[in-house]
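A.B. asks: What follows is query_1.pdb, PDB, C-alpha atoms and all ligand atoms.
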```pdb
ATOM      1  CA  MET A   8     -31.505 -17.585 -36.239
ATOM      2  CA  THR A   9     -35.025 -17.863 -37.590
ATOM      3  CA  PRO A  10     -37.982 -18.901 -35.450
ATOM      4  CA  THR A  11     -39.022 -22.441 -35.964
ATOM      5  CA  GLU A  12     -42.396 -24.163 -36.035
ATOM      6  CA  GLU A  13     -41.011 -27.072 -34.095
ATOM      7  CA  ILE A  14     -41.198 -26.918 -30.275
ATOM      8  CA  MET A  15     -37.733 -27.590 -28.911
ATOM      9  CA  ASN A  16     -36.249 -28.278 -25.525
ATOM     10  CA  LEU A  17     -34.046 -25.345 -24.606
ATOM     11  CA  ARG A  18     -31.144 -25.199 -22.177
ATOM     12  CA  LEU A  19     -30.340 -21.976 -20.363
ATOM     13  CA  GLY A  20     -26.783 -21.262 -19.214
ATOM     14  CA  MET A  21     -25.476 -18.542 -16.923
ATOM     15  CA  ASP A  22     -21.903 -17.485 -16.320
ATOM     16  CA  ILE A  23     -21.703 -15.469 -13.102
ATOM     17  CA  GLY A  24     -18.550 -13.371 -13.040
ATOM     18  CA  GLY A  25     -17.387 -10.660 -10.668
ATOM     19  CA  THR A  26     -18.570  -7.817 -12.903
ATOM     20  CA  ASN A  27     -21.032  -9.372 -15.365
ATOM     21  CA  ILE A  28     -23.622 -12.097 -15.546
ATOM     22  CA  LYS A  29     -23.891 -13.676 -18.985
ATOM     23  CA  VAL A  30     -26.963 -15.630 -19.949
ATOM     24  CA  GLY A  31     -27.531 -17.665 -23.080
ATOM     25  CA  VAL A  32     -29.910 -20.289 -24.384
ATOM     26  CA  LEU A  33     -29.092 -23.237 -26.642
ATOM     27  CA  ASP A  34     -31.524 -25.293 -28.667
ATOM     28  CA  GLU A  35     -31.394 -29.085 -29.042
ATOM     29  CA  ARG A  36     -28.708 -28.810 -31.708
ATOM     30  CA  PHE A  37     -26.584 -26.673 -29.346
ATOM     31  CA  GLN A  38     -27.205 -23.588 -31.473
ATOM     32  CA  SER A  39     -27.543 -20.272 -29.696
ATOM     33  CA  VAL A  40     -31.006 -18.729 -29.644
ATOM     34  CA  THR A  41     -30.203 -15.781 -27.377
ATOM     35  CA  PHE A  42     -27.365 -14.199 -25.413
ATOM     36  CA  HIS A  43     -27.234 -11.254 -23.002
ATOM     37  CA  ILE A  44     -24.669  -9.658 -20.712
ATOM     38  CA  ARG A  45     -25.891  -7.854 -17.586
ATOM     39  CA  PRO A  46     -23.757  -6.035 -15.020
ATOM     40  CA  VAL A  47     -23.541  -7.392 -11.473
ATOM     41  CA  ARG A  48     -25.357  -4.866  -9.258
ATOM     42  CA  GLU A  49     -24.392  -4.025  -5.692
ATOM     43  CA  THR A  50     -27.563  -5.762  -4.478
ATOM     44  CA  ASP A  51     -26.411  -8.991  -6.176
ATOM     45  CA  ARG A  52     -23.437  -9.247  -3.820
ATOM     46  CA  SER A  53     -25.585 -10.785  -1.060
ATOM     47  CA  GLU A  54     -26.868 -14.360  -1.291
ATOM     48  CA  SER A  55     -30.541 -13.368  -1.233
ATOM     49  CA  GLY A  56     -29.940 -10.519  -3.680
ATOM     50  CA  MET A  57     -28.262 -12.827  -6.190
ATOM     51  CA  MET A  58     -31.029 -15.410  -5.831
ATOM     52  CA  GLU A  59     -33.668 -12.775  -6.682
ATOM     53  CA  ARG A  60     -31.584 -11.481  -9.568
ATOM     54  CA  LEU A  61     -31.148 -14.918 -11.122
ATOM     55  CA  VAL A  62     -34.859 -15.742 -10.808
ATOM     56  CA  GLU A  63     -35.667 -12.401 -12.455
ATOM     57  CA  MET A  64     -33.166 -12.903 -15.302
ATOM     58  CA  ILE A  65     -34.298 -16.477 -15.980
ATOM     59  CA  GLY A  66     -37.919 -15.265 -16.088
ATOM     60  CA  GLU A  67     -37.046 -12.500 -18.550
ATOM     61  CA  VAL A  68     -35.169 -14.825 -20.870
ATOM     62  CA  GLU A  69     -37.911 -17.442 -20.680
ATOM     63  CA  ARG A  70     -40.493 -14.846 -21.733
ATOM     64  CA  GLU A  71     -38.240 -13.883 -24.627
ATOM     65  CA  VAL A  72     -37.470 -17.346 -26.030
ATOM     66  CA  SER A  73     -40.416 -19.588 -25.121
ATOM     67  CA  PRO A  74     -42.983 -18.164 -27.535
ATOM     68  CA  ARG A  75     -40.549 -18.438 -30.459
ATOM     69  CA  TYR A  76     -38.421 -21.513 -29.861
ATOM     70  CA  GLY A  77     -39.696 -23.935 -27.237
ATOM     71  CA  ILE A  78     -39.598 -24.688 -23.548
ATOM     72  CA  LEU A  79     -36.790 -24.297 -21.046
ATOM     73  CA  THR A  80     -35.904 -27.697 -19.650
ATOM     74  CA  SER A  81     -32.813 -26.972 -17.545
ATOM     75  CA  VAL A  82     -30.630 -24.237 -16.112
ATOM     76  CA  GLY A  83     -26.861 -24.515 -15.760
ATOM     77  CA  ILE A  84     -24.648 -22.122 -13.844
ATOM     78  CA  GLY A  85     -20.902 -21.630 -14.048
ATOM     79  CA  ILE A  86     -19.148 -19.601 -11.369
ATOM     80  CA  ALA A  87     -15.591 -19.267 -10.088
ATOM     81  CA  GLY A  88     -15.023 -20.904  -6.741
ATOM     82  CA  ILE A  89     -15.111 -24.051  -4.672
ATOM     83  CA  ILE A  90     -18.351 -25.843  -5.358
ATOM     84  CA  ASN A  91     -19.997 -28.801  -3.695
ATOM     85  CA  LEU A  92     -21.452 -30.344  -6.840
ATOM     86  CA  ARG A  93     -23.526 -32.967  -5.099
ATOM     87  CA  GLU A  94     -25.399 -30.404  -2.982
ATOM     88  CA  GLY A  95     -25.238 -27.486  -5.423
ATOM     89  CA  ILE A  96     -23.571 -25.336  -2.769
ATOM     90  CA  ILE A  97     -21.068 -22.583  -3.524
ATOM     91  CA  THR A  98     -18.668 -23.199  -0.647
ATOM     92  CA  LYS A  99     -16.541 -20.181  -1.504
ATOM     93  CA  SER A 100     -16.400 -17.775  -4.430
ATOM     94  CA  PRO A 101     -13.553 -15.277  -4.857
ATOM     95  CA  ASN A 102     -15.899 -12.772  -6.540
ATOM     96  CA  PHE A 103     -18.575 -12.932  -3.841
ATOM     97  CA  PRO A 104     -16.797 -12.826  -0.477
ATOM     98  CA  LEU A 105     -20.076 -12.249   1.413
ATOM     99  CA  TRP A 106     -21.401 -15.675   0.421
ATOM    100  CA  ASN A 107     -20.914 -18.462   2.887
ATOM    101  CA  ASN A 108     -21.933 -21.946   1.728
ATOM    102  CA  MET A 109     -24.570 -20.475  -0.532
ATOM    103  CA  ALA A 110     -27.180 -23.143  -1.331
ATOM    104  CA  LEU A 111     -27.716 -21.916  -4.880
ATOM    105  CA  GLY A 112     -28.829 -25.254  -6.376
ATOM    106  CA  VAL A 113     -31.646 -26.087  -3.954
ATOM    107  CA  GLY A 114     -32.756 -22.465  -3.629
ATOM    108  CA  LEU A 115     -33.000 -21.853  -7.348
ATOM    109  CA  ARG A 116     -34.603 -25.215  -8.096
ATOM    110  CA  SER A 117     -37.408 -24.512  -5.633
ATOM    111  CA  ARG A 118     -38.051 -21.100  -7.192
ATOM    112  CA  ILE A 119     -37.939 -21.892 -10.914
ATOM    113  CA  LYS A 120     -39.122 -25.534 -10.804
ATOM    114  CA  LEU A 121     -36.454 -26.710 -13.254
ATOM    115  CA  PRO A 122     -33.390 -28.919 -12.840
ATOM    116  CA  VAL A 123     -30.362 -26.757 -11.936
ATOM    117  CA  PHE A 124     -26.756 -27.780 -12.630
ATOM    118  CA  ILE A 125     -23.811 -25.910 -11.115
ATOM    119  CA  ASP A 126     -20.083 -26.169 -11.740
ATOM    120  CA  ASN A 127     -17.028 -23.967 -11.631
ATOM    121  CA  ASP A 128     -16.514 -21.628 -14.558
ATOM    122  CA  ALA A 129     -13.512 -23.481 -16.006
ATOM    123  CA  ASN A 130     -15.328 -26.841 -16.065
ATOM    124  CA  ALA A 131     -18.247 -25.045 -17.702
ATOM    125  CA  ALA A 132     -15.916 -23.540 -20.348
ATOM    126  CA  THR A 133     -14.488 -27.015 -20.976
ATOM    127  CA  ALA A 134     -17.995 -28.433 -21.444
ATOM    128  CA  GLY A 135     -18.819 -25.581 -23.827
ATOM    129  CA  GLU A 136     -15.715 -26.126 -25.932
ATOM    130  CA  ALA A 137     -16.419 -29.886 -25.933
ATOM    131  CA  LEU A 138     -19.961 -29.650 -27.266
ATOM    132  CA  CYS A 139     -20.011 -26.404 -29.231
ATOM    133  CA  GLY A 140     -16.389 -25.218 -29.673
ATOM    134  CA  SER A 141     -12.864 -26.360 -30.524
ATOM    135  CA  GLY A 142     -13.245 -29.674 -28.702
ATOM    136  CA  ARG A 143     -16.281 -30.667 -30.770
ATOM    137  CA  GLY A 144     -15.815 -34.179 -32.119
ATOM    138  CA  SER A 145     -13.024 -34.975 -29.642
ATOM    139  CA  ASP A 146     -13.380 -37.793 -27.148
ATOM    140  CA  HIS A 147     -10.706 -36.362 -24.867
ATOM    141  CA  PHE A 148      -8.809 -33.110 -24.352
ATOM    142  CA  ILE A 149      -7.512 -30.762 -21.681
ATOM    143  CA  CYS A 150      -8.532 -27.132 -21.483
ATOM    144  CA  TYR A 151      -6.815 -24.133 -19.917
ATOM    145  CA  THR A 152      -8.724 -20.897 -19.346
ATOM    146  CA  LEU A 153      -6.153 -18.131 -19.412
ATOM    147  CA  GLY A 154      -7.411 -14.955 -17.759
ATOM    148  CA  THR A 155      -6.717 -13.163 -14.490
ATOM    149  CA  GLY A 156      -5.836 -16.615 -13.185
ATOM    150  CA  VAL A 157      -5.655 -20.022 -14.845
ATOM    151  CA  GLY A 158      -8.611 -22.387 -14.772
ATOM    152  CA  GLY A 159      -8.652 -25.844 -16.223
ATOM    153  CA  GLY A 160     -10.780 -28.727 -17.299
ATOM    154  CA  ILE A 161     -10.176 -32.365 -18.170
ATOM    155  CA  TYR A 162     -12.466 -33.919 -20.764
ATOM    156  CA  LEU A 163     -12.258 -37.719 -20.920
ATOM    157  CA  ASN A 164     -14.537 -40.170 -22.733
ATOM    158  CA  HIS A 165     -17.053 -37.421 -23.574
ATOM    159  CA  HIS A 166     -17.342 -36.154 -20.005
ATOM    160  CA  VAL A 167     -15.729 -33.496 -17.875
ATOM    161  CA  TRP A 168     -13.718 -35.409 -15.288
ATOM    162  CA  ARG A 169     -14.781 -33.888 -11.972
ATOM    163  CA  GLY A 170     -12.933 -36.148  -9.543
ATOM    164  CA  VAL A 171     -14.132 -37.681  -6.279
ATOM    165  CA  ASP A 172     -14.903 -34.335  -4.619
ATOM    166  CA  GLY A 173     -15.676 -32.307  -7.730
ATOM    167  CA  MET A 174     -12.279 -30.655  -7.416
ATOM    168  CA  ALA A 175     -10.548 -32.141 -10.470
ATOM    169  CA  GLY A 176      -9.164 -29.958 -13.228
ATOM    170  CA  GLU A 177      -7.510 -27.266 -11.120
ATOM    171  CA  LEU A 178      -4.769 -27.138 -13.739
ATOM    172  CA  GLY A 179      -3.766 -23.609 -12.769
ATOM    173  CA  HIS A 180      -2.544 -24.868  -9.408
ATOM    174  CA  MET A 181       0.019 -27.359 -10.646
ATOM    175  CA  THR A 182       3.439 -26.465  -9.280
ATOM    176  CA  VAL A 183       5.811 -25.247 -11.983
ATOM    177  CA  GLU A 184       8.381 -23.572  -9.665
ATOM    178  CA  PRO A 185       8.941 -25.387  -6.342
ATOM    179  CA  GLU A 186      10.081 -22.230  -4.532
ATOM    180  CA  GLY A 187       8.174 -19.829  -6.764
ATOM    181  CA  ARG A 188       5.688 -17.027  -6.257
ATOM    182  CA  PRO A 189       3.125 -17.523  -3.468
ATOM    183  CA  CYS A 190      -0.375 -18.349  -4.733
ATOM    184  CA  ASN A 191      -3.831 -17.527  -3.288
ATOM    185  CA  CYS A 192      -4.462 -21.267  -2.921
ATOM    186  CA  GLY A 193      -1.764 -21.584  -0.246
ATOM    187  CA  ASN A 194       0.833 -23.269  -2.468
ATOM    188  CA  ARG A 195       3.699 -21.503  -4.171
ATOM    189  CA  GLY A 196       4.946 -21.591  -7.740
ATOM    190  CA  CYS A 197       1.533 -22.495  -9.220
ATOM    191  CA  LEU A 198       1.094 -22.203 -13.000
ATOM    192  CA  GLU A 199      -1.493 -19.466 -12.336
ATOM    193  CA  GLN A 200       1.258 -17.204 -11.000
ATOM    194  CA  TYR A 201       3.061 -17.318 -14.375
ATOM    195  CA  ALA A 202       0.699 -17.985 -17.293
ATOM    196  CA  SER A 203      -2.036 -15.447 -16.560
ATOM    197  CA  LEU A 204      -2.734 -11.737 -16.252
ATOM    198  CA  GLN A 205      -1.408 -11.981 -12.678
ATOM    199  CA  GLY A 206       1.746 -13.563 -14.122
ATOM    200  CA  LEU A 207       2.227 -10.808 -16.710
ATOM    201  CA  LYS A 208       1.778  -8.184 -13.969
ATOM    202  CA  ARG A 209       4.334  -9.898 -11.790
ATOM    203  CA  PHE A 210       6.760 -10.114 -14.699
ATOM    204  CA  VAL A 211       6.421  -6.369 -15.338
ATOM    205  CA  ALA A 212       6.700  -5.562 -11.619
ATOM    206  CA  GLU A 213       9.863  -7.668 -11.286
ATOM    207  CA  HIS A 214      11.545  -6.239 -14.395
ATOM    208  CA  ALA A 215      10.265  -2.689 -13.804
ATOM    209  CA  PRO A 216      10.614  -1.225 -17.306
ATOM    210  CA  ALA A 217      10.189   2.572 -17.231
ATOM    211  CA  ASP A 218       7.361   2.621 -19.776
ATOM    212  CA  LEU A 219       5.073  -0.163 -18.502
ATOM    213  CA  GLN A 220       2.857  -0.171 -15.419
ATOM    214  CA  PRO A 221       1.734  -3.521 -13.959
ATOM    215  CA  ASP A 222      -1.691  -2.053 -13.144
ATOM    216  CA  ASP A 223      -2.404  -0.645 -16.591
ATOM    217  CA  ARG A 224      -5.889  -1.902 -17.549
ATOM    218  CA  ASP A 225      -4.710  -2.671 -21.088
ATOM    219  CA  LEU A 226      -1.463  -4.335 -20.014
ATOM    220  CA  PRO A 227      -1.844  -7.591 -22.018
ATOM    221  CA  LYS A 228      -2.847  -5.682 -25.161
ATOM    222  CA  ILE A 229       0.029  -3.204 -24.848
ATOM    223  CA  MET A 230       2.525  -5.983 -24.164
ATOM    224  CA  ALA A 231       1.218  -8.067 -27.064
ATOM    225  CA  GLU A 232       1.523  -5.129 -29.476
ATOM    226  CA  ARG A 233       5.039  -4.386 -28.325
ATOM    227  CA  ALA A 234       6.081  -8.035 -28.466
ATOM    228  CA  ALA A 235       4.732  -8.286 -32.018
ATOM    229  CA  LYS A 236       6.896  -5.261 -32.933
ATOM    230  CA  GLY A 237       9.983  -6.938 -31.481
ATOM    231  CA  ASP A 238      10.216  -5.400 -27.993
ATOM    232  CA  MET A 239      12.589  -7.822 -26.226
ATOM    233  CA  LEU A 240      11.196  -7.571 -22.711
ATOM    234  CA  CYS A 241       7.599  -8.105 -23.844
ATOM    235  CA  ARG A 242       8.692 -11.016 -26.020
ATOM    236  CA  GLN A 243      10.448 -12.547 -23.030
ATOM    237  CA  ALA A 244       7.304 -12.094 -20.926
ATOM    238  CA  PHE A 245       5.239 -14.154 -23.389
ATOM    239  CA  GLU A 246       8.024 -16.709 -23.820
ATOM    240  CA  SER A 247       8.064 -17.197 -20.053
ATOM    241  CA  PHE A 248       4.244 -17.483 -20.125
ATOM    242  CA  GLY A 249       4.457 -20.195 -22.805
ATOM    243  CA  ARG A 250       7.332 -21.963 -21.154
ATOM    244  CA  TYR A 251       5.448 -22.435 -17.869
ATOM    245  CA  LEU A 252       2.256 -23.411 -19.675
ATOM    246  CA  GLY A 253       4.251 -25.983 -21.653
ATOM    247  CA  ILE A 254       5.866 -27.406 -18.509
ATOM    248  CA  ALA A 255       2.427 -27.888 -16.940
ATOM    249  CA  ALA A 256       0.848 -29.241 -20.140
ATOM    250  CA  ALA A 257       3.703 -31.739 -20.642
ATOM    251  CA  GLY A 258       2.928 -33.211 -17.219
ATOM    252  CA  MET A 259      -0.773 -33.441 -18.004
ATOM    253  CA  LEU A 260      -0.102 -35.015 -21.416
ATOM    254  CA  ASN A 261       2.253 -37.588 -19.899
ATOM    255  CA  ALA A 262      -0.455 -38.394 -17.342
ATOM    256  CA  LEU A 263      -3.411 -38.583 -19.722
ATOM    257  CA  ASN A 264      -2.020 -39.152 -23.234
ATOM    258  CA  VAL A 265      -4.689 -36.996 -24.883
ATOM    259  CA  LYS A 266      -3.974 -35.342 -28.229
ATOM    260  CA  LYS A 267      -5.653 -31.988 -27.862
ATOM    261  CA  VAL A 268      -5.067 -28.929 -25.689
ATOM    262  CA  VAL A 269      -7.706 -26.178 -25.917
ATOM    263  CA  LEU A 270      -6.807 -22.676 -24.752
ATOM    264  CA  SER A 271      -9.737 -20.503 -23.716
ATOM    265  CA  GLY A 272     -10.006 -17.199 -21.827
ATOM    266  CA  GLY A 273      -9.003 -13.660 -22.810
ATOM    267  CA  LEU A 274      -5.252 -14.308 -22.901
ATOM    268  CA  SER A 275      -5.667 -17.152 -25.400
ATOM    269  CA  ASN A 276      -5.704 -14.273 -27.927
ATOM    270  CA  THR A 277      -1.962 -13.877 -27.312
ATOM    271  CA  MET A 278      -1.329 -17.491 -28.321
ATOM    272  CA  PRO A 279       0.879 -16.616 -31.364
ATOM    273  CA  LEU A 280       3.298 -14.971 -28.920
ATOM    274  CA  PHE A 281       3.684 -17.934 -26.564
ATOM    275  CA  LEU A 282       2.869 -21.014 -28.652
ATOM    276  CA  ALA A 283       6.423 -21.802 -29.806
ATOM    277  CA  ALA A 284       7.766 -21.699 -26.234
ATOM    278  CA  MET A 285       4.863 -23.856 -25.049
ATOM    279  CA  ARG A 286       5.409 -26.442 -27.782
ATOM    280  CA  LYS A 287       9.131 -26.591 -27.081
ATOM    281  CA  GLU A 288       8.526 -27.532 -23.438
ATOM    282  CA  ILE A 289       5.887 -30.103 -24.349
ATOM    283  CA  HIS A 290       8.248 -31.765 -26.815
ATOM    284  CA  SER A 291      11.238 -31.758 -24.489
ATOM    285  CA  ARG A 292       9.351 -32.879 -21.360
ATOM    286  CA  SER A 293       6.906 -35.541 -22.543
ATOM    287  CA  PHE A 294       7.404 -38.893 -24.239
ATOM    288  CA  PRO A 295       7.764 -38.639 -28.037
ATOM    289  CA  ALA A 296       4.730 -40.900 -28.480
ATOM    290  CA  VAL A 297       2.782 -38.614 -26.146
ATOM    291  CA  SER A 298       3.727 -35.281 -27.736
ATOM    292  CA  GLN A 299       3.516 -36.548 -31.310
ATOM    293  CA  GLY A 300       0.449 -35.142 -33.037
ATOM    294  CA  VAL A 301      -0.692 -33.023 -30.081
ATOM    295  CA  GLU A 302      -2.841 -30.145 -31.317
ATOM    296  CA  ILE A 303      -2.940 -26.889 -29.384
ATOM    297  CA  LEU A 304      -6.082 -25.001 -30.340
ATOM    298  CA  LYS A 305      -7.599 -21.683 -29.412
ATOM    299  CA  GLY A 306     -11.092 -22.058 -27.950
ATOM    300  CA  GLY A 307     -13.840 -21.590 -30.506
ATOM    301  CA  LEU A 308     -16.399 -19.829 -28.309
ATOM    302  CA  GLY A 309     -14.383 -16.859 -27.056
ATOM    303  CA  ASP A 310     -15.912 -15.321 -23.938
ATOM    304  CA  LYS A 311     -19.125 -17.303 -24.441
ATOM    305  CA  ALA A 312     -17.522 -20.676 -23.589
ATOM    306  CA  GLY A 313     -18.578 -20.416 -19.941
ATOM    307  CA  VAL A 314     -22.173 -19.511 -20.610
ATOM    308  CA  TYR A 315     -22.809 -22.109 -23.318
ATOM    309  CA  GLY A 316     -20.875 -24.659 -21.305
ATOM    310  CA  ALA A 317     -23.113 -23.956 -18.314
ATOM    311  CA  ALA A 318     -26.107 -24.648 -20.562
ATOM    312  CA  VAL A 319     -24.785 -28.137 -21.401
ATOM    313  CA  LEU A 320     -23.594 -29.138 -17.900
ATOM    314  CA  ASP A 321     -26.452 -31.663 -17.719
ATOM    315  CA  VAL A 322     -24.967 -33.644 -20.624
ATOM    316  CA  SER A 323     -21.265 -33.249 -19.937
TER     317      SER A 323
HETATM  318 ZN    ZN B 401      -2.253 -22.059  -6.558
END
```
Would you mind writing the file's structure down as structure tokens?
Ligand SMILES: [Zn+2]
C.D. replies:
Amino acid sequence: MTPTEEIMNLRLGMDIGGTNIKVGVLDERFQSVTFHIRPVRETDRSESGMMERLVEMIGEVEREVSPRYGILTSVGIGIAGIINLREGIITKSPNFPLWNNMALGVGLRSRIKLPVFIDNDANAATAGEALCGSGRGSDHFICYTLGTGVGGGIYLNHHVWRGVDGMAGELGHMTVEPEGRPCNCGNRGCLEQYASLQGLKRFVAEHAPADLQPDDRDLPKIMAERAAKGDMLCRQAFESFGRYLGIAAAGMLNALNVKKVVLSGGLSNTMPLFLAAMRKEIHSRSFPAVSQGVEILKGGLGDKAGVYGAAVLDVS
């Protein structure tokens, strides 16, 4: 990216994860002008510590980009958890158990004097894919973020559908097995327990092959390599993954009749191993007119979907 003479309005996005904070800035054409990843420090685990950290990071990035590209006009934040969108309050975040109704929106706004937009990380990823990724040019699509768990987003008529309470799009918590594995949300048999890293771990734990450990840090990579070489158990694991994802997606497609499914998150890289099983379920469980022409696409932004999506929360 070359510096420009023209002064542009810039949007800053932050994706606050359990181990890293990603920050990026987009120009008016939704092109990236900078991107950084910083580790979460112990002091960031408290509410006041995180507030200071964010103010400091925003200041640093502003000093970096303002002289070259333009002025920061908004800040968007994506974070996993239950979020009160209207008040900008993080009711609960799985990665920050010490926080209790953290008033991030109001607090940050008063410090940095810019509009602040907050949403959960999966809605942010959906917004990112909509404006800058695989959903670009689409009026409507659904998005699954496949990682440790399963996040989701519903994009309808050029907007993320957030629902009455801001809780829409929890696609990972659709029931796919009525008496299935218990889920952290209180339900059982949620999609998240099958089509995620947690799901792969459970599959390995239940089948207990001698040469695979559920807690291996590289489990998905090892399983994907073995499946690609024809290992039956690993192939079955990804087929099961795709089957459950297809069952859930068929329900969503019957409900919404959209023609695009975007798969984001780290495990979307294993798509070639589960896509056929996913498609099969979609075709057998949704109306022919619904499933006809449905595209299943890998997200275009990789692990930057959340951060760039956070940057465009104000327009999505
Ligand atoms: Zn659940």
A.B. asks: Pull the closest atom pair for each residue of chain A that gets at most 6 Å from ligand ZN 401 (chain B), along with the distance in Å to one decimal, counting all atoms listed in the file, ordering rows by chain and then ascending residue number, as a tab-separated table.
C.D. replies:
```
residue	atom	partner	partner_atom	distance
A:His180	CA	B:ZN401	ZN	4.0
A:Cys190	CA	B:ZN401	ZN	4.5
A:Asn191	CA	B:ZN401	ZN	5.8
A:Cys192	CA	B:ZN401	ZN	4.3
A:Asn194	CA	B:ZN401	ZN	5.3
A:Cys197	CA	B:ZN401	ZN	4.6
```
A.B. asks: Write the residues of the preceding selection, restricted to C-alpha atoms, as a CSV table (one decimal), keeping the file's coordinate frame.
C.D. replies:
```csv
chain,number,residue,atom,x,y,z
A,180,HIS,CA,-2.5,-24.9,-9.4
A,190,CYS,CA,-0.4,-18.3,-4.7
A,191,ASN,CA,-3.8,-17.5,-3.3
A,192,CYS,CA,-4.5,-21.3,-2.9
A,194,ASN,CA,0.8,-23.3,-2.5
A,197,CYS,CA,1.5,-22.5,-9.2
```
A.B. asks: Hey, can you check how far atom CA of Glu35 of chain A sits from atom CA of Pro122 of chain A?
C.D. replies: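 The value is 16.3 Å.
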A.B. asks: Quick one: residues within 12 Å of (-16.3, -34.8, -2.0) (file frame), counting all atoms listed in the file, please, as a list in words.
C.D. replies: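 Checking each residue against the 12 Å limit leaves Ile89, Ile90, Asn91, Leu92, Arg93, Glu94, Ile96, Thr98, Arg169, Gly170, Val171, Asp172, Gly173, Met174 and Ala175 of chain A.
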A.B. asks: Which residue, A:Asn102, A:Asn16, A:Asn107, A:Asn27, has the smallest gap to Gly77 of chain A when you use all atoms listed in the file?
C.D. replies: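 Checking each of A:Asn102, A:Asn16, A:Asn107, A:Asn27 against Gly77 of chain A, counting all atoms listed in the file, the winner is A:Asn16.
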A.B. asks: What does the structure give for the distance between atom CA of Glu199 of chain A and atom CA of Gly249 of chain A, in Å to one decimal?
C.D. replies: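 Atom-to-atom, atom CA of Glu199 of chain A and atom CA of Gly249 of chain A are spaced 12.1 Å apart.
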A.B. asks: Evaluate the PyMOL selection byres (((chain A and resi 40) around 12) and not hetatm) here and jot the selected residues down as a PyMOL selection string.
C.D. replies: chain A and resi 8-11+15-20+30-39+41-43+68-69+71-73+75-77+79+315+318
